[in-house]
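Asker: Mind looking over this structure? Questions follow.
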Amino acid sequence: MAANNTPSLPDHMQPAYVDRILKPLGSRISELLDEFCPSNQGTERLNDVKKLVVNYVVLQILTQTFDPNLCVTPRPKDLAHAEAWVENYCHDSSIHLGGEPPQITGLAGHGKKFYSTLTHILADIVPALNSQALSSRYYGFVTGGVHPVAQAADNVVTALDQNVQVHMPTTHSISTVVEHHALSMLRSLLALDGFQGKTFTTGATASNIMGLACGREEVIAARLPEYAKTGGVGELGLLGACMAAGVREVQILTSKGHSSLYKAASVVGLGRAAVKDLGFPDTPWILDLKAVERELKREGVASIIVVSAGEVNTGQFGTTGKTMKELRQLADRYKAWIHVDGAFGIFARALPKVDRFAKLRERTAGLELADSIAADGHKLLNVPYDNGIFFCSKPEVMSQVFQNPNAAYLAPVASTSRSGIDTEIQSPLHVGLENSRRFRALPVYALLLHLGRENMGGMLARMVDLARKIAAFIRDSDKYELLPDEKTADIECTHIIVLFKAKNPDLNEVLVEKINETRRMYVSATKWNGENATFGDDATAVPVSQPELKADVETTFPDADIFGVKLVNGKVTRALIDITNQEDGPIRVAFVGGALKTTRPLPEDAPLYTSIVRNLTATRFQTEIPAGEKQTLPYNFVLDMMPQDVVVELLAVITNPAGEVFEIQLHNGPASIVEAPTSIFDPQIIFLYLFLTGVFGATLYFVYKTWIEALFPQAVKKTRAPKKVKKVEVSEPLSGSESAGATSGGEKNFDESWIPSHHLNRPVARRVKSGASAKSKKGGDL
């Protein structure tokens, strides 16, 4: 079924390889469980852990299919291939490697086997996915990566599949308690301690919907007469509540609002036309407070103010600490609700308190004065999709909008702890959009617990520093223009987003397309002042100069011989890495890892990740090498692969004294994967030889006795008894006449004259027969 001209898949994507890895997992997992899990956990609990381990192993196989440093997006050929397979899903368990798939649509037959399905995913679908979570050169859509500890926690979420909806910690699940503390830690990290209402959502869009819903409830309820105070929109409906409150319009005031804000306005019944942009002409992301006040004074109009904390095109902020105080006063005076769209900008509040981030801290100051805040966990927090956060300073408003009434099987809005006292933990289904909810809190809990406040700040700081380096290069370039205004650009105001365009108008029209065609980087396209603009940069289009690490590196393999490096299956391959620090200060070796690559030539249009045969396990060192000193680091790995020729590439992640991170190639050379040699003097080999020899000899004997001897019998020869020869003793030679007489013709050859007569006439012995024959013979003689 495979086309002859289709390049073969790398070993780790071959069906046989996947089967060989996955199928033995059952017994191995059982061994691990016996070793690490208490025996009293029960069969069902152990099966849950088995699922978790299988999911983790499948995940590792999936990530091996990417080479994020070389290829960020898939080939068009891979996309078309995957689409054809998905649309024409075949019941055949064999894996299609190229050409046209069978024209079978729908849910065919009895389905595919478990491992065959996984292999289909690895071989057909994975090559058509991008590496946004793995590559450092994916700059599209303000997408974050996934921290390893968050990834591991998310595997647990999938394996145990909790529905986090009802707070029942004493009888049901601890998940709601974990969610409460994860949100509390996050609230503390962002210095938002006054927000008692909190929940996880699917993302900032859902959080914006919640913000507008709560704002709609509060601004209308504030205008209701006393008799209707217990109603509100949640009970009376939008139309009924507005009529009771004398409200003819609910408006949303913002500056350069995100598109999801318009969607949220539509969902909550206010309409997209209710969103009014009140930014300044030259700085449209900054909220014009005078214009806001004019709108707030309108009679019969209730207002929700939305602050852009990190405008999506520029990354800029709509307010400062000073203007937020003024805005809070206006909102209190005119009974308005302040919501902050802080999808990624809110995390600037967690940056280290150092001078280079002072302007960002000023622009995020005062956000704690808002009534509600939306944030995205799957952006800068680096946890998996989907993960959004919503904070509210008035938790009772959340309950009024989102509670589930008239369901006896659901826990009440108010909850109690194990000790029986009231607790601030509410059942999530009463304070959020969803009744059925994924355990989104666990990856966030794991990340914050693992990194802590200081390391979280450091991770966020590295993102900002990288964005500023790119912005500085573009500002100084003669071919590109930093937006929104290169002349007044302040690099210290850059947070995460870098907006730029090509100065050549013709190039600017196709700039995003040309960058993304390389597939080594991905950027997003946007519009600014009616012209095309671009997020990010590309090494080809924008050759960013990188500092060099001053260090000498040499790698040797002690077990190599004159024929080169041999990687022996089942035995440890040792590499010694000599690093000499030529910097003025100490350098730190963080990790050493690498990959085995094929020696076969690949087609020009083949994705670069197909050259990878196997990724090698990274080893963490965190070794500091003082200036001018040399240090040797051991790097070991073990293989179990088919014998073949490969290229060994070893890489190290090293930081210089300034804290800049470098990826250094340590080794890139050929090697051969071979089986371990065996000796003829091996006792097992000797025993095998003896055993085989005995079996062979016994087989030959059996064949001879059973068939050969029966088919070819041999005649038995009769043996004659030997004749008795009478020995004649020869006496002394006779003399004279005696001699003559003895040699004469027919005469006796001796002289009888001297022999006594009784010797000469001796009777002859005869045979005597018994019975009648003897009698007859006797009668005859007579």
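Ordered as shown in the structure tokens, chains take letters A, B, and onward, while each chain numbers its residues from 1 and ligands are numbered from 1 in the order shown.
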Would you mind listing what lies within 12 Å of Val661 in chain A as a list in words, with only C-alpha atoms counted and same-chain residues fewer than 5 positions away left out?

Answerer: Arg462, Asp465, Leu466, Gln546, Pro547, Glu548, Leu549, Ile587, Arg588, Val589, Ala590, Phe591, Ala652, Val653, Ile654, Thr655 and Asn656 of chain A

Asker: I want to know what sits within 10 Å of Pro505 in chain A, based on only C-alpha atoms, with residues of the same chain fewer than 5 positions away left out; could you give that as an MDAnalysis selection string?

Answerer: chainID A and resid 510:511 531:532

Asker: Let's have the selection written as a PDB file, in the first residue's frame, with C-alpha atoms.

Answerer:
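Just written: again-v6.pdb:
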ATOM      1  CA  VAL A 510       4.493  39.181   2.134  1.00  0.00           C
ATOM      2  CA  LEU A 511       6.766  39.323   5.191  1.00  0.00           C
ATOM      3  CA  GLU A 531      -0.915  48.342   7.340  1.00  0.00           C
ATOM      4  CA  ASN A 532       0.337  44.775   7.697  1.00  0.00           C
TER       5      ASN A 532
END

Asker: Pick out each residue of range 472-657 of chain A that DSSP on the backbone tags as strand (DSSP E); I need them as a VMD selection string.

Answerer: chain A and resid 480 to 483 499 to 502 525 to 528 531 to 535 551 to 556 565 to 568 572 to 581 587 to 598 612 to 625 630 to 638 644 to 655

Asker: If you keep C-alpha atoms, can you produce a file of those selected residues as a PDB file, in the first residue's frame?

Answerer:
ATOM      1  CA  TYR A 480      12.622  46.948   9.856  1.00  0.00           C
ATOM      2  CA  GLU A 481      10.536  49.351  11.879  1.00  0.00           C
ATOM      3  CA  LEU A 482       9.512  48.826  15.485  1.00  0.00           C
ATOM      4  CA  LEU A 483       5.846  49.581  16.133  1.00  0.00           C
ATOM      5  CA  LEU A 499       5.298  44.446  16.853  1.00  0.00           C
ATOM      6  CA  PHE A 500       7.215  45.395  13.710  1.00  0.00           C
ATOM      7  CA  LYS A 501       7.018  45.745   9.938  1.00  0.00           C
ATOM      8  CA  ALA A 502       9.397  45.836   6.979  1.00  0.00           C
ATOM      9  CA  ALA A 525       0.049  38.600  11.209  1.00  0.00           C
ATOM     10  CA  THR A 526      -1.948  41.644  12.307  1.00  0.00           C
ATOM     11  CA  LYS A 527      -2.869  45.151  11.170  1.00  0.00           C
ATOM     12  CA  TRP A 528      -1.639  48.403  12.631  1.00  0.00           C
ATOM     13  CA  GLU A 531      -0.915  48.342   7.340  1.00  0.00           C
ATOM     14  CA  ASN A 532       0.337  44.775   7.697  1.00  0.00           C
ATOM     15  CA  ALA A 533       2.399  44.138  10.803  1.00  0.00           C
ATOM     16  CA  THR A 534       4.172  41.149  12.314  1.00  0.00           C
ATOM     17  CA  PHE A 535       4.721  39.560  15.717  1.00  0.00           C
ATOM     18  CA  ALA A 551      34.587  28.196  26.043  1.00  0.00           C
ATOM     19  CA  ASP A 552      36.553  25.337  24.476  1.00  0.00           C
ATOM     20  CA  VAL A 553      34.759  22.007  24.227  1.00  0.00           C
ATOM     21  CA  GLU A 554      36.163  18.569  23.389  1.00  0.00           C
ATOM     22  CA  THR A 555      34.285  15.271  23.555  1.00  0.00           C
ATOM     23  CA  THR A 556      35.898  11.824  23.571  1.00  0.00           C
ATOM     24  CA  VAL A 565      32.683   4.882  17.959  1.00  0.00           C
ATOM     25  CA  LYS A 566      30.639   1.757  18.589  1.00  0.00           C
ATOM     26  CA  LEU A 567      27.378   1.929  20.520  1.00  0.00           C
ATOM     27  CA  VAL A 568      26.955  -1.547  21.999  1.00  0.00           C
ATOM     28  CA  VAL A 572      26.753   1.823  28.773  1.00  0.00           C
ATOM     29  CA  THR A 573      28.259   4.170  26.192  1.00  0.00           C
ATOM     30  CA  ARG A 574      30.547   6.647  27.931  1.00  0.00           C
ATOM     31  CA  ALA A 575      31.379  10.111  26.663  1.00  0.00           C
ATOM     32  CA  LEU A 576      33.799  12.443  28.426  1.00  0.00           C
ATOM     33  CA  ILE A 577      33.199  16.139  27.816  1.00  0.00           C
ATOM     34  CA  ASP A 578      36.103  18.492  28.500  1.00  0.00           C
ATOM     35  CA  ILE A 579      34.987  22.123  28.900  1.00  0.00           C
ATOM     36  CA  THR A 580      37.516  24.922  29.376  1.00  0.00           C
ATOM     37  CA  ASN A 581      36.046  28.228  30.527  1.00  0.00           C
ATOM     38  CA  ILE A 587      29.911  29.484  33.536  1.00  0.00           C
ATOM     39  CA  ARG A 588      27.303  26.900  34.452  1.00  0.00           C
ATOM     40  CA  VAL A 589      26.578  23.672  32.563  1.00  0.00           C
ATOM     41  CA  ALA A 590      22.866  23.032  33.018  1.00  0.00           C
ATOM     42  CA  PHE A 591      22.061  20.036  30.792  1.00  0.00           C
ATOM     43  CA  VAL A 592      23.708  17.650  28.356  1.00  0.00           C
ATOM     44  CA  GLY A 593      21.607  15.707  25.882  1.00  0.00           C
ATOM     45  CA  GLY A 594      21.493  14.829  22.234  1.00  0.00           C
ATOM     46  CA  ALA A 595      20.069  12.660  19.502  1.00  0.00           C
ATOM     47  CA  LEU A 596      20.945   9.852  17.119  1.00  0.00           C
ATOM     48  CA  LYS A 597      20.351  10.821  13.492  1.00  0.00           C
ATOM     49  CA  THR A 598      20.148   8.766  10.345  1.00  0.00           C
ATOM     50  CA  ILE A 612      16.152  11.815  14.152  1.00  0.00           C
ATOM     51  CA  VAL A 613      16.321   8.106  14.916  1.00  0.00           C
ATOM     52  CA  ARG A 614      16.276   8.422  18.704  1.00  0.00           C
ATOM     53  CA  ASN A 615      16.494  11.255  21.227  1.00  0.00           C
ATOM     54  CA  LEU A 616      19.003  10.681  24.020  1.00  0.00           C
ATOM     55  CA  THR A 617      18.057  11.273  27.626  1.00  0.00           C
ATOM     56  CA  ALA A 618      19.162  14.658  28.931  1.00  0.00           C
ATOM     57  CA  THR A 619      21.334  14.651  32.055  1.00  0.00           C
ATOM     58  CA  ARG A 620      21.121  17.541  34.481  1.00  0.00           C
ATOM     59  CA  PHE A 621      24.466  18.780  35.828  1.00  0.00           C
ATOM     60  CA  GLN A 622      24.133  22.359  37.148  1.00  0.00           C
ATOM     61  CA  THR A 623      27.933  22.331  37.328  1.00  0.00           C
ATOM     62  CA  GLU A 624      29.769  25.623  37.727  1.00  0.00           C
ATOM     63  CA  ILE A 625      33.168  25.998  36.032  1.00  0.00           C
ATOM     64  CA  LYS A 630      38.830  23.013  32.814  1.00  0.00           C
ATOM     65  CA  GLN A 631      36.378  20.380  33.933  1.00  0.00           C
ATOM     66  CA  THR A 632      35.448  16.941  32.605  1.00  0.00           C
ATOM     67  CA  LEU A 633      31.827  15.870  32.682  1.00  0.00           C
ATOM     68  CA  PRO A 634      30.716  12.264  32.075  1.00  0.00           C
ATOM     69  CA  TYR A 635      27.693  11.620  29.889  1.00  0.00           C
ATOM     70  CA  ASN A 636      26.382   8.050  29.692  1.00  0.00           C
ATOM     71  CA  PHE A 637      23.553   6.426  27.802  1.00  0.00           C
ATOM     72  CA  VAL A 638      22.372   2.900  27.021  1.00  0.00           C
ATOM     73  CA  GLN A 644      22.838   0.415  12.048  1.00  0.00           C
ATOM     74  CA  ASP A 645      25.050   3.393  11.299  1.00  0.00           C
ATOM     75  CA  VAL A 646      23.995   6.675  12.869  1.00  0.00           C
ATOM     76  CA  VAL A 647      25.265  10.179  13.566  1.00  0.00           C
ATOM     77  CA  VAL A 648      25.703  11.030  17.253  1.00  0.00           C
ATOM     78  CA  GLU A 649      24.915  14.646  18.085  1.00  0.00           C
ATOM     79  CA  LEU A 650      25.511  15.842  21.644  1.00  0.00           C
ATOM     80  CA  LEU A 651      24.397  19.263  22.872  1.00  0.00           C
ATOM     81  CA  ALA A 652      24.856  21.192  26.108  1.00  0.00           C
ATOM     82  CA  VAL A 653      22.913  24.070  27.631  1.00  0.00           C
ATOM     83  CA  ILE A 654      25.372  26.491  29.225  1.00  0.00           C
ATOM     84  CA  THR A 655      24.918  29.924  30.813  1.00  0.00           C
TER      85      THR A 655
END

Asker: Can you check which residues of range 493-713 of chain A DSSP gives as helix (DSSP H, G or I) on the backbone and send them as a PDB file with N, CA and C atoms, in the first residue's frame?

Answerer:
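So states27.pdb came out as:
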ATOM      1  N   CYS A 493       9.397  49.561  28.334  1.00  0.00           N
ATOM      2  CA  CYS A 493       7.951  49.370  28.383  1.00  0.00           C
ATOM      3  C   CYS A 493       7.528  48.099  27.656  1.00  0.00           C
ATOM      4  N   PRO A 505       7.738  48.461   1.490  1.00  0.00           N
ATOM      5  CA  PRO A 505       6.307  48.140   1.445  1.00  0.00           C
ATOM      6  C   PRO A 505       6.012  46.833   0.735  1.00  0.00           C
ATOM      7  N   ASP A 506       6.742  46.542  -0.357  1.00  0.00           N
ATOM      8  CA  ASP A 506       6.490  45.300  -1.086  1.00  0.00           C
ATOM      9  C   ASP A 506       6.826  44.080  -0.229  1.00  0.00           C
ATOM     10  N   LEU A 507       7.957  44.151   0.460  1.00  0.00           N
ATOM     11  CA  LEU A 507       8.331  43.052   1.346  1.00  0.00           C
ATOM     12  C   LEU A 507       7.356  42.930   2.501  1.00  0.00           C
ATOM     13  N   ASN A 508       6.871  44.056   3.011  1.00  0.00           N
ATOM     14  CA  ASN A 508       5.968  44.030   4.152  1.00  0.00           C
ATOM     15  C   ASN A 508       4.668  43.308   3.839  1.00  0.00           C
ATOM     16  N   GLU A 509       4.239  43.356   2.575  1.00  0.00           N
ATOM     17  CA  GLU A 509       3.005  42.691   2.186  1.00  0.00           C
ATOM     18  C   GLU A 509       3.110  41.171   2.308  1.00  0.00           C
ATOM     19  N   VAL A 510       4.313  40.640   2.132  1.00  0.00           N
ATOM     20  CA  VAL A 510       4.493  39.181   2.134  1.00  0.00           C
ATOM     21  C   VAL A 510       5.438  38.733   3.247  1.00  0.00           C
ATOM     22  N   LEU A 511       5.755  39.628   4.174  1.00  0.00           N
ATOM     23  CA  LEU A 511       6.766  39.323   5.191  1.00  0.00           C
ATOM     24  C   LEU A 511       6.372  38.120   6.045  1.00  0.00           C
ATOM     25  N   VAL A 512       5.151  38.103   6.558  1.00  0.00           N
ATOM     26  CA  VAL A 512       4.710  37.000   7.422  1.00  0.00           C
ATOM     27  C   VAL A 512       4.740  35.687   6.645  1.00  0.00           C
ATOM     28  N   GLU A 513       4.284  35.729   5.412  1.00  0.00           N
ATOM     29  CA  GLU A 513       4.257  34.517   4.593  1.00  0.00           C
ATOM     30  C   GLU A 513       5.664  33.979   4.365  1.00  0.00           C
ATOM     31  N   LYS A 514       6.612  34.869   4.069  1.00  0.00           N
ATOM     32  CA  LYS A 514       7.983  34.423   3.806  1.00  0.00           C
ATOM     33  C   LYS A 514       8.646  33.858   5.059  1.00  0.00           C
ATOM     34  N   ILE A 515       8.367  34.474   6.199  1.00  0.00           N
ATOM     35  CA  ILE A 515       8.943  33.958   7.449  1.00  0.00           C
ATOM     36  C   ILE A 515       8.389  32.562   7.756  1.00  0.00           C
ATOM     37  N   ASN A 516       7.085  32.422   7.644  1.00  0.00           N
ATOM     38  CA  ASN A 516       6.460  31.150   8.013  1.00  0.00           C
ATOM     39  C   ASN A 516       6.736  30.051   7.006  1.00  0.00           C
ATOM     40  N   GLU A 517       7.049  30.421   5.752  1.00  0.00           N
ATOM     41  CA  GLU A 517       7.379  29.409   4.745  1.00  0.00           C
ATOM     42  C   GLU A 517       8.648  28.645   5.097  1.00  0.00           C
ATOM     43  N   LEU A 608      12.712  18.147   8.820  1.00  0.00           N
ATOM     44  CA  LEU A 608      14.018  17.872   9.402  1.00  0.00           C
ATOM     45  C   LEU A 608      13.955  16.901  10.572  1.00  0.00           C
ATOM     46  N   TYR A 609      12.781  16.801  11.206  1.00  0.00           N
ATOM     47  CA  TYR A 609      12.713  15.885  12.337  1.00  0.00           C
ATOM     48  C   TYR A 609      12.820  14.428  11.909  1.00  0.00           C
ATOM     49  N   THR A 610      12.584  14.158  10.595  1.00  0.00           N
ATOM     50  CA  THR A 610      12.680  12.767  10.151  1.00  0.00           C
ATOM     51  C   THR A 610      14.114  12.248  10.188  1.00  0.00           C
ATOM     52  N   SER A 611      15.087  13.137  10.335  1.00  0.00           N
ATOM     53  CA  SER A 611      16.476  12.674  10.439  1.00  0.00           C
ATOM     54  C   SER A 611      16.767  12.063  11.799  1.00  0.00           C
ATOM     55  N   PRO A 683      30.344 -20.274  29.070  1.00  0.00           N
ATOM     56  CA  PRO A 683      29.746 -21.544  29.519  1.00  0.00           C
ATOM     57  C   PRO A 683      28.381 -21.812  28.890  1.00  0.00           C
ATOM     58  N   GLN A 684      27.618 -20.785  28.698  1.00  0.00           N
ATOM     59  CA  GLN A 684      26.306 -20.980  28.074  1.00  0.00           C
ATOM     60  C   GLN A 684      26.454 -21.441  26.629  1.00  0.00           C
ATOM     61  N   ILE A 685      27.436 -20.866  25.915  1.00  0.00           N
ATOM     62  CA  ILE A 685      27.661 -21.261  24.522  1.00  0.00           C
ATOM     63  C   ILE A 685      28.161 -22.703  24.463  1.00  0.00           C
ATOM     64  N   ILE A 686      29.099 -23.050  25.373  1.00  0.00           N
ATOM     65  CA  ILE A 686      29.640 -24.416  25.394  1.00  0.00           C
ATOM     66  C   ILE A 686      28.530 -25.423  25.674  1.00  0.00           C
ATOM     67  N   PHE A 687      27.712 -25.133  26.671  1.00  0.00           N
ATOM     68  CA  PHE A 687      26.603 -26.027  26.991  1.00  0.00           C
ATOM     69  C   PHE A 687      25.654 -26.157  25.799  1.00  0.00           C
ATOM     70  N   LEU A 688      25.430 -25.051  25.105  1.00  0.00           N
ATOM     71  CA  LEU A 688      24.542 -25.093  23.945  1.00  0.00           C
ATOM     72  C   LEU A 688      25.121 -25.996  22.858  1.00  0.00           C
ATOM     73  N   TYR A 689      26.417 -25.846  22.613  1.00  0.00           N
ATOM     74  CA  TYR A 689      27.065 -26.685  21.599  1.00  0.00           C
ATOM     75  C   TYR A 689      26.945 -28.170  21.969  1.00  0.00           C
ATOM     76  N   LEU A 690      27.232 -28.521  23.233  1.00  0.00           N
ATOM     77  CA  LEU A 690      27.148 -29.911  23.668  1.00  0.00           C
ATOM     78  C   LEU A 690      25.733 -30.440  23.537  1.00  0.00           C
ATOM     79  N   PHE A 691      24.798 -29.641  23.931  1.00  0.00           N
ATOM     80  CA  PHE A 691      23.404 -30.055  23.850  1.00  0.00           C
ATOM     81  C   PHE A 691      22.991 -30.292  22.397  1.00  0.00           C
ATOM     82  N   LEU A 692      23.365 -29.372  21.511  1.00  0.00           N
ATOM     83  CA  LEU A 692      23.003 -29.519  20.097  1.00  0.00           C
ATOM     84  C   LEU A 692      23.688 -30.734  19.481  1.00  0.00           C
ATOM     85  N   THR A 693      24.957 -30.983  19.880  1.00  0.00           N
ATOM     86  CA  THR A 693      25.676 -32.153  19.360  1.00  0.00           C
ATOM     87  C   THR A 693      24.974 -33.442  19.786  1.00  0.00           C
ATOM     88  N   GLY A 694      24.572 -33.510  21.069  1.00  0.00           N
ATOM     89  CA  GLY A 694      23.872 -34.695  21.549  1.00  0.00           C
ATOM     90  C   GLY A 694      22.547 -34.906  20.833  1.00  0.00           C
ATOM     91  N   VAL A 695      21.825 -33.828  20.641  1.00  0.00           N
ATOM     92  CA  VAL A 695      20.536 -33.931  19.940  1.00  0.00           C
ATOM     93  C   VAL A 695      20.741 -34.391  18.502  1.00  0.00           C
ATOM     94  N   PHE A 696      21.783 -33.874  17.853  1.00  0.00           N
ATOM     95  CA  PHE A 696      22.056 -34.244  16.463  1.00  0.00           C
ATOM     96  C   PHE A 696      22.436 -35.727  16.364  1.00  0.00           C
ATOM     97  N   GLY A 697      23.325 -36.201  17.265  1.00  0.00           N
ATOM     98  CA  GLY A 697      23.729 -37.604  17.246  1.00  0.00           C
ATOM     99  C   GLY A 697      22.571 -38.546  17.521  1.00  0.00           C
ATOM    100  N   ALA A 698      21.733 -38.170  18.490  1.00  0.00           N
ATOM    101  CA  ALA A 698      20.578 -39.012  18.807  1.00  0.00           C
ATOM    102  C   ALA A 698      19.614 -39.072  17.630  1.00  0.00           C
ATOM    103  N   THR A 699      19.485 -37.957  16.936  1.00  0.00           N
ATOM    104  CA  THR A 699      18.593 -37.928  15.770  1.00  0.00           C
ATOM    105  C   THR A 699      19.107 -38.845  14.675  1.00  0.00           C
ATOM    106  N   LEU A 700      20.419 -38.807  14.411  1.00  0.00           N
ATOM    107  CA  LEU A 700      21.002 -39.687  13.387  1.00  0.00           C
ATOM    108  C   LEU A 700      20.826 -41.155  13.746  1.00  0.00           C
ATOM    109  N   TYR A 701      21.045 -41.500  14.991  1.00  0.00           N
ATOM    110  CA  TYR A 701      20.902 -42.882  15.429  1.00  0.00           C
ATOM    111  C   TYR A 701      19.458 -43.359  15.267  1.00  0.00           C
ATOM    112  N   PHE A 702      18.529 -42.488  15.632  1.00  0.00           N
ATOM    113  CA  PHE A 702      17.116 -42.826  15.506  1.00  0.00           C
ATOM    114  C   PHE A 702      16.738 -43.060  14.047  1.00  0.00           C
ATOM    115  N   VAL A 703      17.221 -42.209  13.162  1.00  0.00           N
ATOM    116  CA  VAL A 703      16.922 -42.355  11.738  1.00  0.00           C
ATOM    117  C   VAL A 703      17.510 -43.653  11.199  1.00  0.00           C
ATOM    118  N   TYR A 704      18.735 -43.983  11.602  1.00  0.00           N
ATOM    119  CA  TYR A 704      19.399 -45.208  11.130  1.00  0.00           C
ATOM    120  C   TYR A 704      18.625 -46.439  11.571  1.00  0.00           C
ATOM    121  N   LYS A 705      18.286 -46.496  12.849  1.00  0.00           N
ATOM    122  CA  LYS A 705      17.629 -47.683  13.377  1.00  0.00           C
ATOM    123  C   LYS A 705      16.190 -47.812  12.855  1.00  0.00           C
ATOM    124  N   THR A 706      15.537 -46.668  12.594  1.00  0.00           N
ATOM    125  CA  THR A 706      14.129 -46.713  12.208  1.00  0.00           C
ATOM    126  C   THR A 706      13.933 -46.975  10.731  1.00  0.00           C
ATOM    127  N   TRP A 707      14.705 -46.329   9.891  1.00  0.00           N
ATOM    128  CA  TRP A 707      14.456 -46.417   8.460  1.00  0.00           C
ATOM    129  C   TRP A 707      15.584 -47.106   7.663  1.00  0.00           C
ATOM    130  N   ILE A 708      16.808 -46.687   7.883  1.00  0.00           N
ATOM    131  CA  ILE A 708      17.912 -47.197   7.049  1.00  0.00           C
ATOM    132  C   ILE A 708      18.103 -48.693   7.255  1.00  0.00           C
ATOM    133  N   GLU A 709      18.105 -49.154   8.487  1.00  0.00           N
ATOM    134  CA  GLU A 709      18.334 -50.562   8.771  1.00  0.00           C
ATOM    135  C   GLU A 709      17.186 -51.432   8.261  1.00  0.00           C
ATOM    136  N   ALA A 710      15.949 -50.879   8.304  1.00  0.00           N
ATOM    137  CA  ALA A 710      14.805 -51.643   7.830  1.00  0.00           C
ATOM    138  C   ALA A 710      14.749 -51.716   6.306  1.00  0.00           C
ATOM    139  N   LEU A 711      15.145 -50.672   5.634  1.00  0.00           N
ATOM    140  CA  LEU A 711      15.074 -50.623   4.173  1.00  0.00           C
ATOM    141  C   LEU A 711      16.253 -51.332   3.508  1.00  0.00           C
TER     142      LEU A 711
END

Asker: Name all residues at most 6 Å from range 194-206 of chain A (count only C-alpha atoms; drop same-chain ones fewer than 2 positions away) and give them as a list of chain:residue names.

Answerer: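 My list of contacting residues is A:Leu192, A:Asn208, A:Ile209, A:Ser260, A:Ala343, A:Ala374, A:Ala375, A:Asp376, A:Asp386, A:Asn387, A:Gly388, A:Ile389, A:Phe390, A:Phe391, A:Cys392, A:Ser393, A:Pro395.
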